[in-house]
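Trainee: One structure, as structure tokens, below. Some questions next.
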Amino acid sequence: MALTKHKLEYGWTFRQSDSSSSEDWLPVKSVPSQVHLDLLANSRIADPMIDLNELSVRWIAEKVWIYRVQFKKPTELEAQEAATADLVFEGLDTFAAVRLNGNDILKSDNMFLSHRVDVSSLLRDENVLEITFDSALLRGRQLVKEHSHEHEFYVRQTEVSRVPVRKAQYNWGWDWGPILMTAGPWRPVYLEQYVSRIDDVWTHCEVSEDLKTCSGHIFAKVANAGSKPVTLSLSLDGTSVWEKECFADSNGLVTADFHVDSPELWYPFGYGSQTRYELRASLGSTDQKSKLIGFRRSELIQEEDEFGKSFYFRINGHDVFAGGSCWIPADSFLPQITAERYHDWMKLMVEGNQHMLRIWGGGIYEDDALFDACDELGVLVWHDFQFACAIYPAYPSYLESVELEARQNLRRLRSHPSIVIWAGNNEDYQVQEIYHLEYDYGDKDPQSWLKSNFPARYTYEYLLPKIVKEEDPFMVYHPSSPWGDGKHTTDATVGDIHQWNIWHIAMRRYQEAYMLSGRFVSEFGMEAYPHLSTIHYMIQDPEQRYPGSMMMDFRNKAVDHERRMVTYVAENFQVKYDLESYTHLTQVVQAETMHFTYKTWRREWGKPGARKCGGVLVWQLNDCWPTMSWAVVDYFLVKKPAFYAIANALKPLAIGVSRTYHEWTAGHSDPTLAYRDTKFDLWVVSSRPEAVKVQVTARLISIRSGVILEHLLDDEITAQANSTTEILRDRVVTVGDPQLHDTTQPFDLAKYDPYVIHAVMKIGGEVVATDTSWPQPLKYLSFANRDIKFRALSPTKLCLSAARPVKGLVFQESPGEKFSDNGFDLVPGEDKVVDVEGIKLESLRYTYIGAPQGYMAVSLSA
């Protein structure tokens, strides 16, 4: 008998447990699902993604919910008396009690676990499967009380009841997402019948240092194989590469050594192909299981150097600057995320030149579809274990659940070549520091850690690395993010840091990025409003569509969000507070932050042996609901200008210009210093494996008149391979009235002609990168009379030009529209060509810094 699978997808009903009437059973469209989705589909609640409706659905969290489905016994089982029938639950959210035909078959208290239950003896011709989901909110509070005698529960985000519950922590709310305490069968449920079955097939292998061989072991786990042979094989594009017939041992484990000469390797995009082999285990005609796997040599390089200790990734011998983003769950209701939607998100990573995605520790062990997309497209993945911003317990039952969770998910995900590192948690060592809990890095006795008031150290520095070594022995493990050799989590000389002195903590100016780097910046960010289409969706009352309205305030979950946002806006721009203009200003603030940080920190990629900064990951790529947040792409996959700023900074060849920074709002600071100090730097950074000849030009252009004040440079430069090439350092510009530099005379603003420094890099006459440095702050400048022209080159290609420099030109974007660039600057003498999809050119609306009003219609010239 061949294995058969019967999905229990349709025919479900659900109700609140304290309902008494049979009429209270409501239909479920399909499983996987969660209770909010089913209540919404039955018009029992308002959409929590809209207006203030989140508040009106919080009662759901305190209720108990029952899901039920009836199904017939498969006919295959009647013909095969020796067959086994298993019910498989890939994910139950969270405290679940399962009954089949009145028999208790499973209790689960961990959302991250899958379950397989032999129900062969319990099946009838007609079957009733019922799952009761208890309140995770109330059970969490109960667990805190039960274990308060042995553990002090500390938490930084939302309420402490989340800490002992193995459930997606963001369900309790976060500073970017709502409180939506879900429940239900959130991953597939199905019935499998088989005589014998292959449970898994995987490899433990290593690519040699010279990349010429790959060798190791291939394993398979089988059930009821008996004396039947199991065939293990590797193939590439349908051609067999390796094959062996084996037999399972008494534990059902099949093992074989393998060796492949001249393997075709898997690379991150831009460095090589994303070659994948098919790994297969076959049990005759009974069952087979296959996976697409990739061979690659992945290393985290941590070596002593002049800056401390390095932290960067090397893939197949190539040092890779890991520019990218942090990832949160893409929806508050996980079953809504389709494989296509995951793929669309990962395509944005490639479009944005982002090589690494960090999956944050307060969400979930992500869906296979996300990793399939990363494998296919060549996106590297950093995955946190699911612990975030708390002090987690270590009592025996908790550790037992955590160990099972870690092993299951490592086994599910270990074949994905895109995953290159697992980290123990997100920011839990920062919580340890905040509350001054015990942490002696010199103490290497794990049992003593369990007796401290920071027992989670046992999980992060003993249990999880042990499990990773056993399940995926060539995988990199890092105890936490951030973390560095037991030093303070803000130590910029070692490990990774979360740089929240921009926006949070000290609220440093983004222009100060050069003072805020680390060996690897795995979090930093700046908030911005989404585009107007998203604002109009999430706030449907037109009277509430203004900055600071009740509904606008409610949508933004960040602490002190408006006072921080308006500070960054007011420090840098002339403030306009209508919705269109203010939305644009927040977006340009975020884009400018990305420009300064990615350009500055990528410059510190340096050269081999002197890689001061090994990667930059913005917080965050995405949103879980329509909101204003740190996301650079909103819930509907609509890109903010910041996305494009990152894409330009992470081009394989990028050029950068910077001026000397001077404070302008710090007490008795001299705001004319930035005008008098005319020094600037110019550099090129490359991720290409070979040196490249490039033509670099740099010009000074008057912001007032658009006149070229000076040609600074027009030279052929060799951009060194995979390095930063410094072109000019502290170059002094002599343009301007000499009297302005006489500090004994009043500074005459009328004589000051502010300018941009505009640099262009070309190869073979084609522009590959540009950068424009503006005097800071931008609010001191006049942007009158920019004289912007629009010309259609084709129905999908728009050409822009300007008589005078333009800052932050942004087109409105909506779902389904695509722009090759947005949020860019214009300079006289250079046309900007933008490819546009999903909207007619004559329907475009745009604005820019200093525009006479919010968004204006594009007027196409002949």
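By order of appearance in the structure tokens: chains A, B, ..., then residues from 1 within every chain, and ligands from 1 in the order shown.
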Using only C-alpha atoms, which protein or nucleic acid residues come within 10 Å of A:Ile763? Drop anything in the same chain fewer than 6 positions from it, and give the result as a list in words.
Mentor: Val692, Lys693, Val694, Gln695, Val696, Glu716 and Ala769 of chain A
Trainee: With all heavy atoms retained, export the selected residues as a PDB file, in the first residue's frame.
Mentor:
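Generated output (selection_39.pdb):
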ATOM      1  N   VAL A 692      37.495  46.714 -10.881  1.00  0.00           N
ATOM      2  CA  VAL A 692      36.745  47.268 -12.007  1.00  0.00           C
ATOM      3  C   VAL A 692      37.222  48.694 -12.265  1.00  0.00           C
ATOM      4  O   VAL A 692      37.354  49.502 -11.338  1.00  0.00           O
ATOM      5  CB  VAL A 692      35.226  47.279 -11.717  1.00  0.00           C
ATOM      6  CG1 VAL A 692      34.460  47.804 -12.922  1.00  0.00           C
ATOM      7  CG2 VAL A 692      34.734  45.899 -11.340  1.00  0.00           C
ATOM      8  N   LYS A 693      37.457  49.009 -13.539  1.00  0.00           N
ATOM      9  CA  LYS A 693      37.774  50.378 -13.928  1.00  0.00           C
ATOM     10  C   LYS A 693      36.471  51.167 -14.062  1.00  0.00           C
ATOM     11  O   LYS A 693      35.557  50.757 -14.785  1.00  0.00           O
ATOM     12  CB  LYS A 693      38.518  50.399 -15.260  1.00  0.00           C
ATOM     13  CG  LYS A 693      39.880  49.737 -15.243  1.00  0.00           C
ATOM     14  CD  LYS A 693      40.918  50.581 -14.527  1.00  0.00           C
ATOM     15  CE  LYS A 693      42.305  49.979 -14.669  1.00  0.00           C
ATOM     16  NZ  LYS A 693      43.334  50.767 -13.938  1.00  0.00           N
ATOM     17  N   VAL A 694      36.376  52.282 -13.348  1.00  0.00           N
ATOM     18  CA  VAL A 694      35.164  53.103 -13.396  1.00  0.00           C
ATOM     19  C   VAL A 694      35.560  54.554 -13.625  1.00  0.00           C
ATOM     20  O   VAL A 694      36.658  54.982 -13.261  1.00  0.00           O
ATOM     21  CB  VAL A 694      34.346  52.990 -12.090  1.00  0.00           C
ATOM     22  CG1 VAL A 694      33.863  51.571 -11.868  1.00  0.00           C
ATOM     23  CG2 VAL A 694      35.132  53.484 -10.881  1.00  0.00           C
ATOM     24  N   GLN A 695      34.650  55.300 -14.244  1.00  0.00           N
ATOM     25  CA  GLN A 695      34.860  56.735 -14.435  1.00  0.00           C
ATOM     26  C   GLN A 695      34.051  57.474 -13.375  1.00  0.00           C
ATOM     27  O   GLN A 695      32.834  57.285 -13.258  1.00  0.00           O
ATOM     28  CB  GLN A 695      34.402  57.165 -15.831  1.00  0.00           C
ATOM     29  CG  GLN A 695      34.810  58.574 -16.212  1.00  0.00           C
ATOM     30  CD  GLN A 695      36.316  58.696 -16.464  1.00  0.00           C
ATOM     31  OE1 GLN A 695      36.977  57.714 -16.811  1.00  0.00           O
ATOM     32  NE2 GLN A 695      36.862  59.896 -16.282  1.00  0.00           N
ATOM     33  N   VAL A 696      34.712  58.293 -12.580  1.00  0.00           N
ATOM     34  CA  VAL A 696      34.057  59.013 -11.487  1.00  0.00           C
ATOM     35  C   VAL A 696      34.132  60.509 -11.753  1.00  0.00           C
ATOM     36  O   VAL A 696      35.210  61.059 -12.012  1.00  0.00           O
ATOM     37  CB  VAL A 696      34.708  58.683 -10.132  1.00  0.00           C
ATOM     38  CG1 VAL A 696      34.102  59.538  -9.024  1.00  0.00           C
ATOM     39  CG2 VAL A 696      34.541  57.202  -9.801  1.00  0.00           C
ATOM     40  N   GLU A 716      39.431  58.293 -14.132  1.00  0.00           N
ATOM     41  CA  GLU A 716      39.225  56.842 -14.121  1.00  0.00           C
ATOM     42  C   GLU A 716      39.833  56.288 -12.838  1.00  0.00           C
ATOM     43  O   GLU A 716      40.987  56.580 -12.505  1.00  0.00           O
ATOM     44  CB  GLU A 716      39.881  56.185 -15.333  1.00  0.00           C
ATOM     45  CG  GLU A 716      39.587  54.691 -15.409  1.00  0.00           C
ATOM     46  CD  GLU A 716      40.206  54.021 -16.624  1.00  0.00           C
ATOM     47  OE1 GLU A 716      41.444  53.855 -16.642  1.00  0.00           O
ATOM     48  OE2 GLU A 716      39.438  53.661 -17.547  1.00  0.00           O
ATOM     49  N   ALA A 769      25.960  54.257 -10.710  1.00  0.00           N
ATOM     50  CA  ALA A 769      25.606  54.723  -9.367  1.00  0.00           C
ATOM     51  C   ALA A 769      25.833  56.226  -9.270  1.00  0.00           C
ATOM     52  O   ALA A 769      26.699  56.784  -9.953  1.00  0.00           O
ATOM     53  CB  ALA A 769      26.433  54.001  -8.303  1.00  0.00           C
TER      54      ALA A 769
END
Trainee: I need the strand (DSSP E or B) residues of stretch 605-649 of chain A per DSSP on the backbone, written as number ranges by chain.
Mentor: A: 607, 610, 615-618, 629, 633, 639
Trainee: Could you turn the residues from that selection into a file that holds all heavy atoms, as a PDB file, in the first residue's frame?
Mentor:
ATOM      1  N   LYS A 607      38.402  46.316   3.542  1.00  0.00           N
ATOM      2  CA  LYS A 607      39.110  45.383   2.665  1.00  0.00           C
ATOM      3  C   LYS A 607      39.429  44.121   3.462  1.00  0.00           C
ATOM      4  O   LYS A 607      39.255  44.087   4.689  1.00  0.00           O
ATOM      5  CB  LYS A 607      40.403  46.025   2.148  1.00  0.00           C
ATOM      6  CG  LYS A 607      41.372  46.429   3.256  1.00  0.00           C
ATOM      7  CD  LYS A 607      42.580  47.166   2.692  1.00  0.00           C
ATOM      8  CE  LYS A 607      43.534  47.572   3.822  1.00  0.00           C
ATOM      9  NZ  LYS A 607      44.715  48.311   3.291  1.00  0.00           N
ATOM     10  N   ALA A 610      40.437  43.864   7.213  1.00  0.00           N
ATOM     11  CA  ALA A 610      40.069  45.124   7.876  1.00  0.00           C
ATOM     12  C   ALA A 610      38.602  45.436   7.592  1.00  0.00           C
ATOM     13  O   ALA A 610      38.266  46.514   7.115  1.00  0.00           O
ATOM     14  CB  ALA A 610      40.970  46.263   7.414  1.00  0.00           C
ATOM     15  N   GLY A 615      27.946  43.911   8.155  1.00  0.00           N
ATOM     16  CA  GLY A 615      26.574  43.833   7.667  1.00  0.00           C
ATOM     17  C   GLY A 615      25.683  44.834   8.366  1.00  0.00           C
ATOM     18  O   GLY A 615      25.988  45.301   9.467  1.00  0.00           O
ATOM     19  N   VAL A 616      24.578  45.163   7.698  1.00  0.00           N
ATOM     20  CA  VAL A 616      23.608  46.126   8.223  1.00  0.00           C
ATOM     21  C   VAL A 616      22.213  45.610   7.897  1.00  0.00           C
ATOM     22  O   VAL A 616      21.876  45.402   6.729  1.00  0.00           O
ATOM     23  CB  VAL A 616      23.802  47.523   7.606  1.00  0.00           C
ATOM     24  CG1 VAL A 616      22.780  48.505   8.174  1.00  0.00           C
ATOM     25  CG2 VAL A 616      25.221  48.031   7.837  1.00  0.00           C
ATOM     26  N   LEU A 617      21.401  45.411   8.931  1.00  0.00           N
ATOM     27  CA  LEU A 617      20.037  44.910   8.762  1.00  0.00           C
ATOM     28  C   LEU A 617      19.065  45.909   9.369  1.00  0.00           C
ATOM     29  O   LEU A 617      19.063  46.125  10.581  1.00  0.00           O
ATOM     30  CB  LEU A 617      19.874  43.547   9.446  1.00  0.00           C
ATOM     31  CG  LEU A 617      20.889  42.469   9.046  1.00  0.00           C
ATOM     32  CD1 LEU A 617      20.657  41.197   9.858  1.00  0.00           C
ATOM     33  CD2 LEU A 617      20.822  42.169   7.557  1.00  0.00           C
ATOM     34  N   VAL A 618      18.247  46.516   8.524  1.00  0.00           N
ATOM     35  CA  VAL A 618      17.313  47.516   9.020  1.00  0.00           C
ATOM     36  C   VAL A 618      16.173  46.847   9.774  1.00  0.00           C
ATOM     37  O   VAL A 618      15.729  45.753   9.432  1.00  0.00           O
ATOM     38  CB  VAL A 618      16.751  48.370   7.864  1.00  0.00           C
ATOM     39  CG1 VAL A 618      15.840  47.558   6.947  1.00  0.00           C
ATOM     40  CG2 VAL A 618      16.000  49.585   8.388  1.00  0.00           C
ATOM     41  N   SER A 629       5.160  52.551  10.944  1.00  0.00           N
ATOM     42  CA  SER A 629       6.151  51.828  11.736  1.00  0.00           C
ATOM     43  C   SER A 629       7.523  52.030  11.121  1.00  0.00           C
ATOM     44  O   SER A 629       7.719  52.858  10.236  1.00  0.00           O
ATOM     45  CB  SER A 629       5.802  50.331  11.777  1.00  0.00           C
ATOM     46  OG  SER A 629       6.123  49.731  10.527  1.00  0.00           O
ATOM     47  N   VAL A 633       8.705  48.599   3.772  1.00  0.00           N
ATOM     48  CA  VAL A 633       7.652  48.173   2.847  1.00  0.00           C
ATOM     49  C   VAL A 633       6.419  47.894   3.698  1.00  0.00           C
ATOM     50  O   VAL A 633       6.526  47.239   4.734  1.00  0.00           O
ATOM     51  CB  VAL A 633       8.042  46.908   2.058  1.00  0.00           C
ATOM     52  CG1 VAL A 633       6.961  46.536   1.047  1.00  0.00           C
ATOM     53  CG2 VAL A 633       9.386  47.087   1.356  1.00  0.00           C
ATOM     54  N   LYS A 639       6.142  49.828  -1.353  1.00  0.00           N
ATOM     55  CA  LYS A 639       7.461  50.254  -0.890  1.00  0.00           C
ATOM     56  C   LYS A 639       7.459  51.723  -0.498  1.00  0.00           C
ATOM     57  O   LYS A 639       6.925  52.563  -1.219  1.00  0.00           O
ATOM     58  CB  LYS A 639       8.486  50.015  -2.005  1.00  0.00           C
ATOM     59  CG  LYS A 639       8.715  48.552  -2.328  1.00  0.00           C
ATOM     60  CD  LYS A 639       9.462  48.357  -3.631  1.00  0.00           C
ATOM     61  CE  LYS A 639       8.553  48.529  -4.814  1.00  0.00           C
ATOM     62  NZ  LYS A 639       9.194  48.153  -6.095  1.00  0.00           N
TER      63      LYS A 639
END
Trainee: Tell me which protein, DNA and RNA residues are within 6 Å of A:Val28, counting only C-alpha atoms, leaving out same-chain ones fewer than 5 positions away, and put them as a list of chain:residue names.
Mentor: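 So, after excluding close chain neighbours, the residues are A:Trp12, A:Thr13, A:Asp38.
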Trainee: Take the residues just selected and output them with N, CA and C atoms as a compact mmCIF listing (two decimals), in the first residue's frame.
Mentor:
# COMPACT_ATOMS: atom_id res chain seq x y z
N TRP A 12 -15.13 22.07 8.41
CA TRP A 12 -14.98 22.39 9.82
C TRP A 12 -16.07 23.39 10.26
N THR A 13 -16.39 23.31 11.55
CA THR A 13 -17.21 24.32 12.20
C THR A 13 -16.54 24.71 13.51
N ASP A 38 -12.25 33.38 11.28
CA ASP A 38 -13.54 32.70 11.15
C ASP A 38 -14.68 33.56 11.69
Trainee: Each residue of stretch 466-506 of chain A lying at most 12 Å from stretch 518-534 of chain A should get a row with its shortest atom-to-atom pair and the distance in Å to one decimal, counting only C-alpha atoms; could you produce that, ordered by chain and increasing number, as CSV?
Mentor:
residue,atom,partner,partner_atom,distance
A:Ser480,CA,A:Ser522,CA,11.0
A:Ser481,CA,A:Ser522,CA,7.4
A:Pro482,CA,A:Ser522,CA,7.3
A:Trp483,CA,A:Ser522,CA,10.3
A:Gly484,CA,A:Arg519,CA,9.7
A:Thr489,CA,A:Gly518,CA,10.9
A:Thr490,CA,A:Gly518,CA,8.8
A:Asp491,CA,A:Gly518,CA,7.9
A:Ala492,CA,A:Gly518,CA,4.4
A:Thr493,CA,A:Arg519,CA,6.1
A:Val494,CA,A:Arg519,CA,6.0
A:Gly495,CA,A:Arg519,CA,6.2
A:Asp496,CA,A:Phe520,CA,4.6
A:Ile497,CA,A:Val521,CA,5.1
A:His498,CA,A:Glu523,CA,4.4
A:Gln499,CA,A:Phe524,CA,4.9
A:Trp500,CA,A:Phe524,CA,5.5
A:Asn501,CA,A:Phe524,CA,8.3
A:Ile502,CA,A:Gly525,CA,7.1
A:Trp503,CA,A:Met526,CA,6.0
A:His504,CA,A:Gly525,CA,9.1
A:Ile505,CA,A:Phe524,CA,11.7
Trainee: Using only C-alpha atoms, which of A:Tyr458, A:Phe95, A:Trp619, A:Phe824 sits nearest A:Tyr395?
Mentor: A:Tyr458
Trainee: Residues at most 9 Å from A:Gly252, counting only C-alpha atoms, excluding those fewer than 4 positions away in the same chain, as a ChimeraX atom specification?
Mentor: /A:220-226,247-248
Trainee: Restricted to C-alpha atoms, what would the selected residues look like written as a PDB file, in the first residue's frame?
Mentor:
ATOM      1  CA  ALA A 220      16.694   8.847   6.255  1.00  0.00           C
ATOM      2  CA  LYS A 221      14.224   8.082   9.011  1.00  0.00           C
ATOM      3  CA  VAL A 222      11.649   5.421   8.196  1.00  0.00           C
ATOM      4  CA  ALA A 223       8.737   3.756   9.947  1.00  0.00           C
ATOM      5  CA  ASN A 224       7.822   0.067   9.592  1.00  0.00           C
ATOM      6  CA  ALA A 225      10.375  -0.534   6.843  1.00  0.00           C
ATOM      7  CA  GLY A 226      11.227  -4.019   8.108  1.00  0.00           C
ATOM      8  CA  PHE A 247      18.668  -0.833   5.113  1.00  0.00           C
ATOM      9  CA  ALA A 248      17.264   0.765   8.242  1.00  0.00           C
TER      10      ALA A 248
END
Trainee: What's the separation between atom CA of A:Ile391 and atom CA of A:His436, in Å to one decimal place?
Mentor: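 Between these atoms lies a distance of 11.7 Å.
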Trainee: Once you count only C-alpha atoms, what closest atom pair and distance in Å to one decimal does each residue of stretch 1-72 of chain A within 12 Å of stretch 539-546 of chain A have, with rows by chain and rising residue number, as CSV?
Mentor:
residue,atom,partner,partner_atom,distance
A:Asp47,CA,A:Gln540,CA,11.6
A:Pro48,CA,A:Ile539,CA,11.3
A:Met49,CA,A:Ile539,CA,9.2
A:Ile50,CA,A:Ile539,CA,6.1
A:Asp51,CA,A:Ile539,CA,4.9
A:Leu52,CA,A:Ile539,CA,8.5
A:Asn53,CA,A:Ile539,CA,10.4
Trainee: Determine which residues of stretch 147-297 of chain A receive a DSSP assignment of helix (DSSP H, G or I), computed from the backbone, and state them as a list in words.
Mentor: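 Here is the list: Val160, Ser161, Arg162, Gln169, Tyr170, Asn171 and Trp172 of chain A.
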Trainee: Tell me, as a ChimeraX atom specification, which residues lie within 10 Å of A:Val320, counting only C-alpha atoms; anything in the same chain fewer than 3 positions away does not count.
Mentor: /A:268,271,312-317,323,355-356,605,614-615,687-688,722
Trainee: Those residues you just picked out, can you put them in a file as a PDB file, in the first residue's frame with N, CA, C and O atoms?
Mentor:
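As a result, result.pdb now contains:
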ATOM      1  N   PRO A 268      24.619  33.089  -2.740  1.00  0.00           N
ATOM      2  CA  PRO A 268      23.673  34.200  -2.659  1.00  0.00           C
ATOM      3  C   PRO A 268      23.622  34.926  -3.999  1.00  0.00           C
ATOM      4  O   PRO A 268      24.591  34.881  -4.771  1.00  0.00           O
ATOM      5  N   TYR A 271      26.428  36.538  -6.626  1.00  0.00           N
ATOM      6  CA  TYR A 271      27.742  35.927  -6.431  1.00  0.00           C
ATOM      7  C   TYR A 271      27.903  34.634  -7.224  1.00  0.00           C
ATOM      8  O   TYR A 271      29.009  34.105  -7.326  1.00  0.00           O
ATOM      9  N   TYR A 312      31.607  38.818  10.126  1.00  0.00           N
ATOM     10  CA  TYR A 312      31.050  38.869   8.777  1.00  0.00           C
ATOM     11  C   TYR A 312      30.990  37.460   8.203  1.00  0.00           C
ATOM     12  O   TYR A 312      31.623  36.525   8.716  1.00  0.00           O
ATOM     13  N   PHE A 313      30.216  37.310   7.132  1.00  0.00           N
ATOM     14  CA  PHE A 313      29.968  35.996   6.559  1.00  0.00           C
ATOM     15  C   PHE A 313      30.814  35.786   5.311  1.00  0.00           C
ATOM     16  O   PHE A 313      31.023  36.706   4.513  1.00  0.00           O
ATOM     17  N   ARG A 314      31.271  34.546   5.160  1.00  0.00           N
ATOM     18  CA  ARG A 314      32.030  34.132   3.991  1.00  0.00           C
ATOM     19  C   ARG A 314      31.309  32.924   3.389  1.00  0.00           C
ATOM     20  O   ARG A 314      31.150  31.895   4.053  1.00  0.00           O
ATOM     21  N   ILE A 315      30.861  33.055   2.148  1.00  0.00           N
ATOM     22  CA  ILE A 315      30.121  31.999   1.475  1.00  0.00           C
ATOM     23  C   ILE A 315      30.939  31.527   0.283  1.00  0.00           C
ATOM     24  O   ILE A 315      31.250  32.314  -0.615  1.00  0.00           O
ATOM     25  N   ASN A 316      31.302  30.239   0.303  1.00  0.00           N
ATOM     26  CA  ASN A 316      32.091  29.653  -0.791  1.00  0.00           C
ATOM     27  C   ASN A 316      33.341  30.475  -1.080  1.00  0.00           C
ATOM     28  O   ASN A 316      33.717  30.713  -2.241  1.00  0.00           O
ATOM     29  N   GLY A 317      33.982  30.930  -0.011  1.00  0.00           N
ATOM     30  CA  GLY A 317      35.223  31.675  -0.141  1.00  0.00           C
ATOM     31  C   GLY A 317      35.063  33.142  -0.423  1.00  0.00           C
ATOM     32  O   GLY A 317      36.053  33.880  -0.449  1.00  0.00           O
ATOM     33  N   GLY A 323      24.089  43.184   3.763  1.00  0.00           N
ATOM     34  CA  GLY A 323      23.104  44.255   3.820  1.00  0.00           C
ATOM     35  C   GLY A 323      21.724  43.659   3.642  1.00  0.00           C
ATOM     36  O   GLY A 323      21.506  42.818   2.767  1.00  0.00           O
ATOM     37  N   HIS A 355      20.836  41.224   0.741  1.00  0.00           N
ATOM     38  CA  HIS A 355      21.341  39.853   0.721  1.00  0.00           C
ATOM     39  C   HIS A 355      20.967  39.032   1.944  1.00  0.00           C
ATOM     40  O   HIS A 355      21.106  37.801   1.906  1.00  0.00           O
ATOM     41  N   MET A 356      20.538  39.673   3.018  1.00  0.00           N
ATOM     42  CA  MET A 356      20.249  38.891   4.223  1.00  0.00           C
ATOM     43  C   MET A 356      18.933  39.310   4.846  1.00  0.00           C
ATOM     44  O   MET A 356      18.630  40.494   4.974  1.00  0.00           O
ATOM     45  N   TRP A 605      32.996  48.423   5.260  1.00  0.00           N
ATOM     46  CA  TRP A 605      33.302  47.071   4.799  1.00  0.00           C
ATOM     47  C   TRP A 605      34.811  46.940   4.564  1.00  0.00           C
ATOM     48  O   TRP A 605      35.408  45.880   4.764  1.00  0.00           O
ATOM     49  N   GLY A 614      30.504  44.297   9.055  1.00  0.00           N
ATOM     50  CA  GLY A 614      30.250  43.151   8.194  1.00  0.00           C
ATOM     51  C   GLY A 614      28.838  43.037   7.668  1.00  0.00           C
ATOM     52  O   GLY A 614      28.555  42.172   6.834  1.00  0.00           O
ATOM     53  N   GLY A 615      27.946  43.911   8.155  1.00  0.00           N
ATOM     54  CA  GLY A 615      26.574  43.833   7.667  1.00  0.00           C
ATOM     55  C   GLY A 615      25.683  44.834   8.366  1.00  0.00           C
ATOM     56  O   GLY A 615      25.988  45.301   9.467  1.00  0.00           O
ATOM     57  N   SER A 687      31.079  45.061  -4.326  1.00  0.00           N
ATOM     58  CA  SER A 687      30.951  43.661  -3.912  1.00  0.00           C
ATOM     59  C   SER A 687      31.375  42.722  -5.030  1.00  0.00           C
ATOM     60  O   SER A 687      31.257  41.507  -4.902  1.00  0.00           O
ATOM     61  N   ARG A 688      31.880  43.276  -6.115  1.00  0.00           N
ATOM     62  CA  ARG A 688      32.312  42.447  -7.239  1.00  0.00           C
ATOM     63  C   ARG A 688      33.607  41.702  -6.888  1.00  0.00           C
ATOM     64  O   ARG A 688      34.466  42.233  -6.177  1.00  0.00           O
ATOM     65  N   ASN A 722      35.710  43.681  -4.128  1.00  0.00           N
ATOM     66  CA  ASN A 722      35.027  43.397  -2.854  1.00  0.00           C
ATOM     67  C   ASN A 722      35.590  44.227  -1.707  1.00  0.00           C
ATOM     68  O   ASN A 722      35.873  43.714  -0.629  1.00  0.00           O
TER      69      ASN A 722
END
Trainee: May I ask which of the residues A:Glu206, A:Asp93, A:Asp730, A:Glu62 is the closest one to A:Thr132, counting only C-alpha atoms?
Mentor: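 Using only C-alpha atoms, A:Thr132 sits closest to A:Asp93.
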Trainee: Go through stretch 254-349 of chain A and flag each residue having an atom no more than 7 Å from stretch 227-246 of chain A; for those, report the closest pair of atoms plus their distance in Å to one decimal, using only C-alpha atoms, ordered by chain and rising number, as CSV.
Mentor:
residue,atom,partner,partner_atom,distance
A:Val254,CA,A:Cys246,CA,6.6
A:Tyr277,CA,A:Leu236,CA,4.9
A:Glu278,CA,A:Ser235,CA,5.2
A:Leu279,CA,A:Leu234,CA,4.8
A:Arg280,CA,A:Ser233,CA,5.3
A:Ala281,CA,A:Leu232,CA,4.6
A:Ser282,CA,A:Thr231,CA,5.1
A:Leu283,CA,A:Val230,CA,5.0
Trainee: Would you mind exporting the chosen residues as a tab-separated table (two decimals), in the first residue's frame, restricted to C-alpha atoms?
Mentor:
chain	number	residue	atom	x	y	z
A	254	VAL	CA	19.20	4.80	7.39
A	277	TYR	CA	20.29	19.10	-6.03
A	278	GLU	CA	17.36	16.78	-5.48
A	279	LEU	CA	17.86	14.56	-2.44
A	280	ARG	CA	15.53	11.56	-2.43
A	281	ALA	CA	14.75	8.53	-0.27
A	282	SER	CA	12.59	5.80	-1.80
A	283	LEU	CA	10.95	2.84	-0.11
Trainee: Compare A:Ala390, A:Leu122, A:Leu399, A:Leu621 by their minimum atom-to-atom distance to A:Ser161, counting only C-alpha atoms, and give me the closest one.
Mentor: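 Selected residue with least distance to A:Ser161: A:Ala390.
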Trainee: With distances taken over only C-alpha atoms, which residue among A:Gln193, A:Thr586, A:Leu8, A:Gly363 lies nearest A:Ala168?
Mentor: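 When distances to A:Ala168 are compared using only C-alpha atoms, the smallest one comes from A:Gly363.
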Trainee: One number please: atom CA of A:His416 to atom CA of A:Ser310, in Å, one decimal.
Mentor: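 Pair atom CA of A:His416 / atom CA of A:Ser310 returns 25.7 Å.
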